[in-house]
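**Student:** So I've got this file, data_11.pdb, and it contains PDB, C-alpha atoms:
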```pdb
ATOM      1  CA  MET A 181      49.797  39.238  25.111
ATOM      2  CA  ALA A 182      50.206  38.148  21.489
ATOM      3  CA  LYS A 183      47.453  38.765  18.958
ATOM      4  CA  TYR A 184      48.197  35.565  17.045
ATOM      5  CA  ARG A 185      50.203  32.360  17.217
ATOM      6  CA  LYS A 186      53.525  32.328  15.372
ATOM      7  CA  LEU A 187      53.432  28.536  14.810
ATOM      8  CA  SER A 188      57.281  28.419  14.744
ATOM      9  CA  ARG A 189      57.365  29.829  11.213
ATOM     10  CA  THR A 190      58.416  32.988   9.423
ATOM     11  CA  SER A 191      55.623  35.367   8.494
ATOM     12  CA  SER A 192      55.540  34.310   4.826
ATOM     13  CA  GLN A 193      55.490  30.592   5.686
ATOM     14  CA  ARG A 194      52.792  31.158   8.306
ATOM     15  CA  LYS A 195      50.651  33.172   5.889
ATOM     16  CA  ALA A 196      50.958  30.512   3.184
ATOM     17  CA  LEU A 197      50.124  27.717   5.638
ATOM     18  CA  LEU A 198      47.034  29.486   6.975
ATOM     19  CA  ARG A 199      45.833  30.489   3.491
ATOM     20  CA  GLY A 200      46.160  26.889   2.335
ATOM     21  CA  GLN A 201      44.281  25.507   5.298
ATOM     22  CA  VAL A 202      41.481  28.099   5.064
ATOM     23  CA  THR A 203      41.123  27.325   1.353
ATOM     24  CA  GLN A 204      40.882  23.577   2.001
ATOM     25  CA  LEU A 205      38.421  24.093   4.870
ATOM     26  CA  LEU A 206      36.049  26.095   2.669
ATOM     27  CA  ALA A 207      36.508  23.787  -0.332
ATOM     28  CA  ASN A 208      36.050  20.487   1.537
ATOM     29  CA  GLY A 209      34.076  21.400   4.653
ATOM     30  CA  LYS A 210      36.598  19.998   7.154
ATOM     31  CA  ILE A 211      40.320  19.525   7.732
ATOM     32  CA  VAL A 212      42.488  17.624  10.232
ATOM     33  CA  THR A 213      45.271  19.694  11.790
ATOM     34  CA  THR A 214      46.868  20.573  15.122
ATOM     35  CA  GLU A 215      44.943  22.513  17.731
ATOM     36  CA  ALA A 216      47.080  25.671  17.492
ATOM     37  CA  LYS A 217      46.774  25.828  13.691
ATOM     38  CA  ALA A 218      43.030  25.129  13.884
ATOM     39  CA  LYS A 219      42.466  28.052  16.233
ATOM     40  CA  GLU A 220      44.292  30.413  13.852
ATOM     41  CA  VAL A 221      42.505  29.042  10.768
ATOM     42  CA  ARG A 222      39.188  29.397  12.575
ATOM     43  CA  LYS A 223      39.722  33.164  13.048
ATOM     44  CA  ILE A 224      40.349  33.723   9.349
ATOM     45  CA  ALA A 225      37.592  31.394   8.101
ATOM     46  CA  GLU A 226      34.940  32.857  10.391
ATOM     47  CA  GLY A 227      35.848  36.362   9.235
ATOM     48  CA  LEU A 228      35.438  35.359   5.582
ATOM     49  CA  ILE A 229      32.113  33.612   6.240
ATOM     50  CA  ALA A 230      30.827  36.591   8.256
ATOM     51  CA  SER A 231      31.749  38.896   5.384
ATOM     52  CA  ALA A 232      29.942  36.613   2.909
ATOM     53  CA  VAL A 233      26.831  36.491   5.124
ATOM     54  CA  ARG A 234      26.811  40.295   5.405
ATOM     55  CA  GLU A 235      27.077  40.822   1.631
ATOM     56  CA  LYS A 236      25.190  37.784   0.254
ATOM     57  CA  ASP A 237      22.201  39.745  -1.086
ATOM     58  CA  ASN A 238      24.064  42.930  -2.046
ATOM     59  CA  PHE A 239      23.893  42.686  -5.841
ATOM     60  CA  GLU A 240      21.628  43.597  -8.711
ATOM     61  CA  GLU A 241      20.688  41.458 -11.690
ATOM     62  CA  VAL A 242      21.450  43.064 -15.036
ATOM     63  CA  THR A 243      20.522  41.817 -18.505
ATOM     64  CA  VAL A 244      23.313  42.203 -21.034
ATOM     65  CA  THR A 245      23.795  41.297 -24.668
ATOM     66  CA  ALA A 246      26.816  39.125 -25.325
ATOM     67  CA  LYS A 247      28.411  37.694 -28.456
ATOM     68  CA  VAL A 248      28.820  33.932 -28.219
ATOM     69  CA  ALA A 249      30.587  31.746 -30.771
ATOM     70  CA  ARG A 250      28.236  29.422 -32.643
ATOM     71  CA  LYS A 251      29.140  25.759 -32.160
ATOM     72  CA  ASP A 252      28.441  22.635 -34.194
ATOM     73  CA  LYS A 253      27.271  19.239 -32.870
ATOM     74  CA  ASP A 254      30.838  18.316 -31.812
ATOM     75  CA  GLY A 255      31.234  21.511 -29.758
ATOM     76  CA  LYS A 256      33.665  23.120 -32.182
ATOM     77  CA  ARG A 257      33.322  26.706 -33.379
ATOM     78  CA  VAL A 258      31.573  27.239 -36.706
ATOM     79  CA  LYS A 259      33.757  29.093 -39.218
ATOM     80  CA  GLU A 260      32.811  30.678 -42.519
ATOM     81  CA  VAL A 261      34.956  32.169 -45.262
ATOM     82  CA  VAL A 262      34.867  35.971 -45.564
ATOM     83  CA  ASP A 263      37.230  37.688 -48.043
ATOM     84  CA  GLY A 264      39.333  34.545 -48.289
ATOM     85  CA  LYS A 265      39.791  34.200 -44.514
ATOM     86  CA  LYS A 266      38.122  31.793 -42.077
ATOM     87  CA  VAL A 267      36.157  33.777 -39.517
ATOM     88  CA  THR A 268      34.253  32.480 -36.477
ATOM     89  CA  VAL A 269      30.488  33.027 -36.557
ATOM     90  CA  TYR A 270      29.027  34.778 -33.494
ATOM     91  CA  ASP A 271      25.425  34.944 -32.229
ATOM     92  CA  GLU A 272      24.033  37.668 -29.966
ATOM     93  CA  VAL A 273      22.596  36.279 -26.736
ATOM     94  CA  GLU A 274      20.765  37.950 -23.837
ATOM     95  CA  LYS A 275      22.285  36.992 -20.472
ATOM     96  CA  THR A 276      21.315  37.876 -16.920
ATOM     97  CA  ILE A 277      24.331  38.498 -14.698
ATOM     98  CA  LYS A 278      24.839  39.474 -11.059
ATOM     99  CA  LYS A 279      26.423  42.899 -10.733
ATOM    100  CA  ASP A 280      28.079  43.368  -7.339
ATOM    101  CA  MET A 281      27.472  46.514  -5.374
ATOM    102  CA  PRO A 282      30.679  48.287  -4.236
ATOM    103  CA  SER A 283      30.742  46.803  -0.713
ATOM    104  CA  ARG A 284      30.210  43.259  -2.030
ATOM    105  CA  LEU A 285      32.933  43.783  -4.622
ATOM    106  CA  HIS A 286      35.287  44.893  -1.849
ATOM    107  CA  ALA A 287      34.378  41.799   0.203
ATOM    108  CA  ARG A 288      34.993  39.589  -2.863
ATOM    109  CA  ARG A 289      38.446  41.109  -3.394
ATOM    110  CA  GLU A 290      39.342  40.712   0.292
ATOM    111  CA  MET A 291      38.377  37.024   0.049
ATOM    112  CA  LEU A 292      40.486  36.594  -3.070
ATOM    113  CA  LYS A 293      43.476  37.959  -1.118
ATOM    114  CA  VAL A 294      43.197  35.036   1.304
ATOM    115  CA  LEU A 295      41.946  32.114  -0.804
ATOM    116  CA  TYR A 296      44.113  30.138  -3.199
ATOM    117  CA  PRO A 297      42.706  28.960  -6.568
ATOM    118  CA  VAL A 298      41.227  25.453  -6.284
ATOM    119  CA  LYS A 299      41.050  22.854  -9.042
ATOM    120  CA  GLU A 300      38.548  20.033  -8.786
ATOM    121  CA  SER A 301      39.116  16.750 -10.571
ATOM    122  CA  THR A 302      36.109  15.083 -12.200
ATOM    123  CA  ASP A 303      37.605  11.596 -12.659
ATOM    124  CA  GLY A 304      40.731  11.600 -10.504
ATOM    125  CA  LYS A 305      43.098  12.467 -13.353
ATOM    126  CA  LYS A 306      45.023  15.674 -13.870
ATOM    127  CA  LYS A 307      43.645  16.304 -17.372
ATOM    128  CA  ASN A 308      39.969  16.613 -16.472
ATOM    129  CA  THR A 309      40.176  19.369 -13.846
ATOM    130  CA  LYS A 310      38.109  22.498 -13.558
ATOM    131  CA  GLU A 311      38.649  25.672 -11.588
ATOM    132  CA  VAL A 312      36.304  26.076  -8.598
ATOM    133  CA  ASP A 313      35.249  29.626  -7.728
ATOM    134  CA  LEU A 314      35.452  29.513  -3.921
ATOM    135  CA  VAL A 315      34.280  33.107  -3.532
ATOM    136  CA  ALA A 316      31.093  32.314  -5.464
ATOM    137  CA  LYS A 317      30.678  29.191  -3.316
ATOM    138  CA  LEU A 318      30.999  31.357  -0.201
ATOM    139  CA  PHE A 319      28.338  33.801  -1.397
ATOM    140  CA  ASP A 320      25.929  31.283  -2.984
ATOM    141  CA  GLU A 321      26.178  28.135  -0.828
ATOM    142  CA  ILE A 322      27.862  28.808   2.510
ATOM    143  CA  ALA A 323      26.455  32.282   3.358
ATOM    144  CA  PRO A 324      22.744  31.369   2.956
ATOM    145  CA  LYS A 325      23.298  28.367   5.235
ATOM    146  CA  TYR A 326      24.550  30.642   8.040
ATOM    147  CA  ALA A 327      22.302  33.661   7.363
ATOM    148  CA  ASN A 328      20.359  33.427  10.650
ATOM    149  CA  ARG A 329      23.377  32.498  12.792
ATOM    150  CA  ASN A 330      25.410  35.033  14.775
ATOM    151  CA  GLY A 331      28.952  33.713  14.446
ATOM    152  CA  GLY A 332      30.236  30.290  15.423
ATOM    153  CA  TYR A 333      30.430  28.919  11.889
ATOM    154  CA  THR A 334      33.164  26.377  12.660
ATOM    155  CA  ARG A 335      33.610  23.588  15.196
ATOM    156  CA  ILE A 336      36.816  22.106  16.622
ATOM    157  CA  VAL A 337      36.636  18.436  17.685
ATOM    158  CA  LYS A 338      39.663  16.932  19.440
ATOM    159  CA  ILE A 339      40.668  13.520  18.042
ATOM    160  CA  GLY A 340      43.769  12.648  20.060
ATOM    161  CA  GLN A 341      47.518  12.930  19.901
ATOM    162  CA  ARG A 342      49.579  12.486  16.760
ATOM    163  CA  LYS A 343      51.813   9.419  16.805
ATOM    164  CA  GLY A 344      55.007  11.120  15.626
ATOM    165  CA  ASP A 345      55.384  14.111  17.948
ATOM    166  CA  GLY A 346      52.430  13.841  20.308
ATOM    167  CA  ALA A 347      50.798  17.060  19.080
ATOM    168  CA  LEU A 348      47.076  17.276  19.811
ATOM    169  CA  GLU A 349      45.170  16.790  16.558
ATOM    170  CA  VAL A 350      41.708  18.174  15.903
ATOM    171  CA  VAL A 351      39.084  18.172  13.178
ATOM    172  CA  LEU A 352      38.110  21.685  12.133
ATOM    173  CA  GLU A 353      34.760  21.619  10.331
ATOM    174  CA  LEU A 354      32.040  23.942   9.165
ATOM    175  CA  VAL A 355      28.960  23.599  11.392
TER     176      VAL A 355
END
```
Take the structure in the file and give it back as structure tokens.
**Tutor:**
Amino acid sequence: MAKYRKLSRTSSQRKALLRGQVTQLLANGKIVTTEAKAKEVRKIAEGLIASAVREKDNFEEVTVTAKVARKDKDGKRVKEVVDGKKVTVYDEVEKTIKKDMPSRLHARREMLKVLYPVKESTDGKKKNTKEVDLVAKLFDEIAPKYANRNGGYTRIVKIGQRKGDGALEVVLELV
């Protein structure tokens, strides 16, 4: 018996397809796809969510001193002349950061192997996009939601057959 569905694709195409669909599922909360693809995506997504739930509180908060560029009212860096050269002015700031423990760091890197980078548009145009950290979203938003749940983080709802080829379409969503 096979361990996974081949989805009529080469291994590299299949991996790219599944990575893309897992990324969109975690970014948007639900996707519409065929039943066979949904069952494969579900395996990967539930593994990532389980890993995030396991490691969600495995960090320590550390206070560090960082140099931050001073900015004027327009948001531009303040420069001053030193020895005939323009030099940016820096201020020292105390910041509290989360320092991952080794097992959480490993989980983060395993997630980054699967997830593609996601850009989110603020006004629908290509210029005003920002990078979304899906791994941080998994640890900070999704994992606490499922903390007291033992698996079963996704749901497959059948929505009928596709018009073109008659394939059974489903909605795969986070519960």
**Student:** Excluding region 187-197 of chain A and its own-chain neighbours fewer than 5 positions away, which residues fall within 9 Å of it when counting only C-alpha atoms? Please give them as a count of residues only.
**Tutor:** 4
**Student:** Counting all atoms listed in the file, which residues sit no farther than 8 Å from the position (29.5, 36.9, 1.2) in the file's frame? I'd like them as a ChimeraX atom specification.
**Tutor:** /A:228-236,284,287-288,315,318-320,323
**Student:** Identify all residues satisfying the PyMOL selection byres ((chain A and resi 332-342) around 6) in the given file; provide them as an NGL selection string.
**Tutor:** :A and (331 or 343-344 or 346-355)
**Student:** Would you mind telling me which residue in A:Leu198, A:Ala225, A:Val258, A:Ala182 lies nearest to Ile322 (chain A) when using only C-alpha atoms?
**Tutor:**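 Closest to Ile322 (chain A) of all the choices is A:Ala225.
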**Student:** Would you mind telling me which residue in A:Glu241, A:Glu321, A:Glu226, A:Glu311 lies nearest to Lys275 (chain A) when using all atoms listed in the file?
**Tutor:** A:Glu241
**Student:** Restricting the calculation to only C-alpha atoms, which member of A:Tyr270, A:Tyr184, A:Tyr326, A:Phe239 is positioned closest to Lys251 (chain A)?
**Tutor:**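 Among the listed residues, the smallest separation from Lys251 (chain A) belongs to A:Tyr270.
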**Student:** With only C-alpha atoms as the basis for distance, which of A:Asp263, A:Thr243, A:Glu274, A:Gln201 is at the shortest distance from Thr213 (chain A)?
**Tutor:**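 Checking each of A:Asp263, A:Thr243, A:Glu274, A:Gln201 against Thr213 (chain A), counting only C-alpha atoms, the winner is A:Gln201.
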**Student:** One number please: CA of Leu206 (chain A) to CA of Asn330 (chain A), in Å, one decimal.
**Tutor:** 18.4 Å
**Student:** Using only C-alpha atoms, pick whichever of A:Lys265, A:Lys299, A:Lys183, A:Lys219 has the shortest atom-to-atom distance to Gln204 (chain A).
**Tutor:**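 Closest to Gln204 (chain A), using only C-alpha atoms: A:Lys299.
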**Student:** To one decimal place in Å, what is the distance between CA of Met291 (chain A) and CA of Thr309 (chain A)?
**Tutor:**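 About the pair CA of Met291 (chain A) and CA of Thr309 (chain A): they are 22.5 Å apart.
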**Student:** Compile the contact shell of Thr268 (chain A) as a ChimeraX atom specification: residues with an atom at most 7 Å away, counting only C-alpha atoms, same-chain residues fewer than 3 positions apart removed.
**Tutor:** /A:249,257-260
**Student:** I would like the residues chosen by the PyMOL selection byres ((chain A and resi 271) around 8) on the shown file; could you give them as a list of chain:residue names?
**Tutor:**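 Written out, the selection comes to A:Lys247, A:Val248, A:Ala249, A:Arg250, A:Val269, A:Tyr270, A:Glu272, A:Val273.
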**Student:** Please, can region 308-328 of chain A be completed to N, CA and C atoms and returned as a PDB file, in the frame of the given file?
**Tutor:**
```pdb
ATOM      1  N   ASN A 308      41.362  16.162 -16.578  1.00  0.00           N
ATOM      2  CA  ASN A 308      39.969  16.613 -16.472  1.00  0.00           C
ATOM      3  C   ASN A 308      39.746  17.367 -15.167  1.00  0.00           C
ATOM      4  N   THR A 309      40.369  18.545 -15.034  1.00  0.00           N
ATOM      5  CA  THR A 309      40.176  19.369 -13.846  1.00  0.00           C
ATOM      6  C   THR A 309      39.497  20.664 -14.249  1.00  0.00           C
ATOM      7  N   LYS A 310      38.731  21.207 -13.302  1.00  0.00           N
ATOM      8  CA  LYS A 310      38.109  22.498 -13.558  1.00  0.00           C
ATOM      9  C   LYS A 310      38.332  23.405 -12.360  1.00  0.00           C
ATOM     10  N   GLU A 311      38.409  24.668 -12.625  1.00  0.00           N
ATOM     11  CA  GLU A 311      38.649  25.672 -11.588  1.00  0.00           C
ATOM     12  C   GLU A 311      37.356  25.882 -10.793  1.00  0.00           C
ATOM     13  N   VAL A 312      37.450  25.848  -9.465  1.00  0.00           N
ATOM     14  CA  VAL A 312      36.304  26.076  -8.598  1.00  0.00           C
ATOM     15  C   VAL A 312      36.380  27.509  -8.088  1.00  0.00           C
ATOM     16  N   ASP A 313      35.288  28.253  -8.223  1.00  0.00           N
ATOM     17  CA  ASP A 313      35.249  29.626  -7.728  1.00  0.00           C
ATOM     18  C   ASP A 313      34.805  29.602  -6.268  1.00  0.00           C
ATOM     19  N   LEU A 314      35.767  29.607  -5.343  1.00  0.00           N
ATOM     20  CA  LEU A 314      35.452  29.513  -3.921  1.00  0.00           C
ATOM     21  C   LEU A 314      34.700  30.730  -3.409  1.00  0.00           C
ATOM     22  N   VAL A 315      34.976  31.902  -3.979  1.00  0.00           N
ATOM     23  CA  VAL A 315      34.280  33.107  -3.532  1.00  0.00           C
ATOM     24  C   VAL A 315      32.795  33.004  -3.881  1.00  0.00           C
ATOM     25  N   ALA A 316      32.496  32.510  -5.078  1.00  0.00           N
ATOM     26  CA  ALA A 316      31.093  32.314  -5.464  1.00  0.00           C
ATOM     27  C   ALA A 316      30.440  31.265  -4.568  1.00  0.00           C
ATOM     28  N   LYS A 317      31.200  30.219  -4.224  1.00  0.00           N
ATOM     29  CA  LYS A 317      30.678  29.191  -3.316  1.00  0.00           C
ATOM     30  C   LYS A 317      30.369  29.802  -1.950  1.00  0.00           C
ATOM     31  N   LEU A 318      31.248  30.685  -1.481  1.00  0.00           N
ATOM     32  CA  LEU A 318      30.999  31.357  -0.201  1.00  0.00           C
ATOM     33  C   LEU A 318      29.702  32.165  -0.243  1.00  0.00           C
ATOM     34  N   PHE A 319      29.528  32.955  -1.298  1.00  0.00           N
ATOM     35  CA  PHE A 319      28.338  33.801  -1.397  1.00  0.00           C
ATOM     36  C   PHE A 319      27.063  32.993  -1.658  1.00  0.00           C
ATOM     37  N   ASP A 320      27.136  31.973  -2.528  1.00  0.00           N
ATOM     38  CA  ASP A 320      25.929  31.283  -2.984  1.00  0.00           C
ATOM     39  C   ASP A 320      25.531  30.072  -2.150  1.00  0.00           C
ATOM     40  N   GLU A 321      26.498  29.348  -1.568  1.00  0.00           N
ATOM     41  CA  GLU A 321      26.178  28.135  -0.828  1.00  0.00           C
ATOM     42  C   GLU A 321      26.371  28.281   0.681  1.00  0.00           C
ATOM     43  N   ILE A 322      27.529  28.775   1.083  1.00  0.00           N
ATOM     44  CA  ILE A 322      27.862  28.808   2.510  1.00  0.00           C
ATOM     45  C   ILE A 322      27.119  29.925   3.244  1.00  0.00           C
ATOM     46  N   ALA A 323      27.092  31.143   2.684  1.00  0.00           N
ATOM     47  CA  ALA A 323      26.455  32.282   3.358  1.00  0.00           C
ATOM     48  C   ALA A 323      24.962  32.074   3.625  1.00  0.00           C
ATOM     49  N   PRO A 324      24.158  31.576   2.650  1.00  0.00           N
ATOM     50  CA  PRO A 324      22.744  31.369   2.956  1.00  0.00           C
ATOM     51  C   PRO A 324      22.509  30.349   4.081  1.00  0.00           C
ATOM     52  N   LYS A 325      23.420  29.383   4.190  1.00  0.00           N
ATOM     53  CA  LYS A 325      23.298  28.367   5.235  1.00  0.00           C
ATOM     54  C   LYS A 325      23.443  28.983   6.626  1.00  0.00           C
ATOM     55  N   TYR A 326      24.279  30.018   6.749  1.00  0.00           N
ATOM     56  CA  TYR A 326      24.550  30.642   8.040  1.00  0.00           C
ATOM     57  C   TYR A 326      23.874  31.998   8.200  1.00  0.00           C
ATOM     58  N   ALA A 327      22.902  32.320   7.373  1.00  0.00           N
ATOM     59  CA  ALA A 327      22.302  33.661   7.363  1.00  0.00           C
ATOM     60  C   ALA A 327      21.675  34.038   8.711  1.00  0.00           C
ATOM     61  N   ASN A 328      21.037  33.092   9.394  1.00  0.00           N
ATOM     62  CA  ASN A 328      20.359  33.427  10.650  1.00  0.00           C
ATOM     63  C   ASN A 328      21.178  33.030  11.876  1.00  0.00           C
TER      64      ASN A 328
END
```
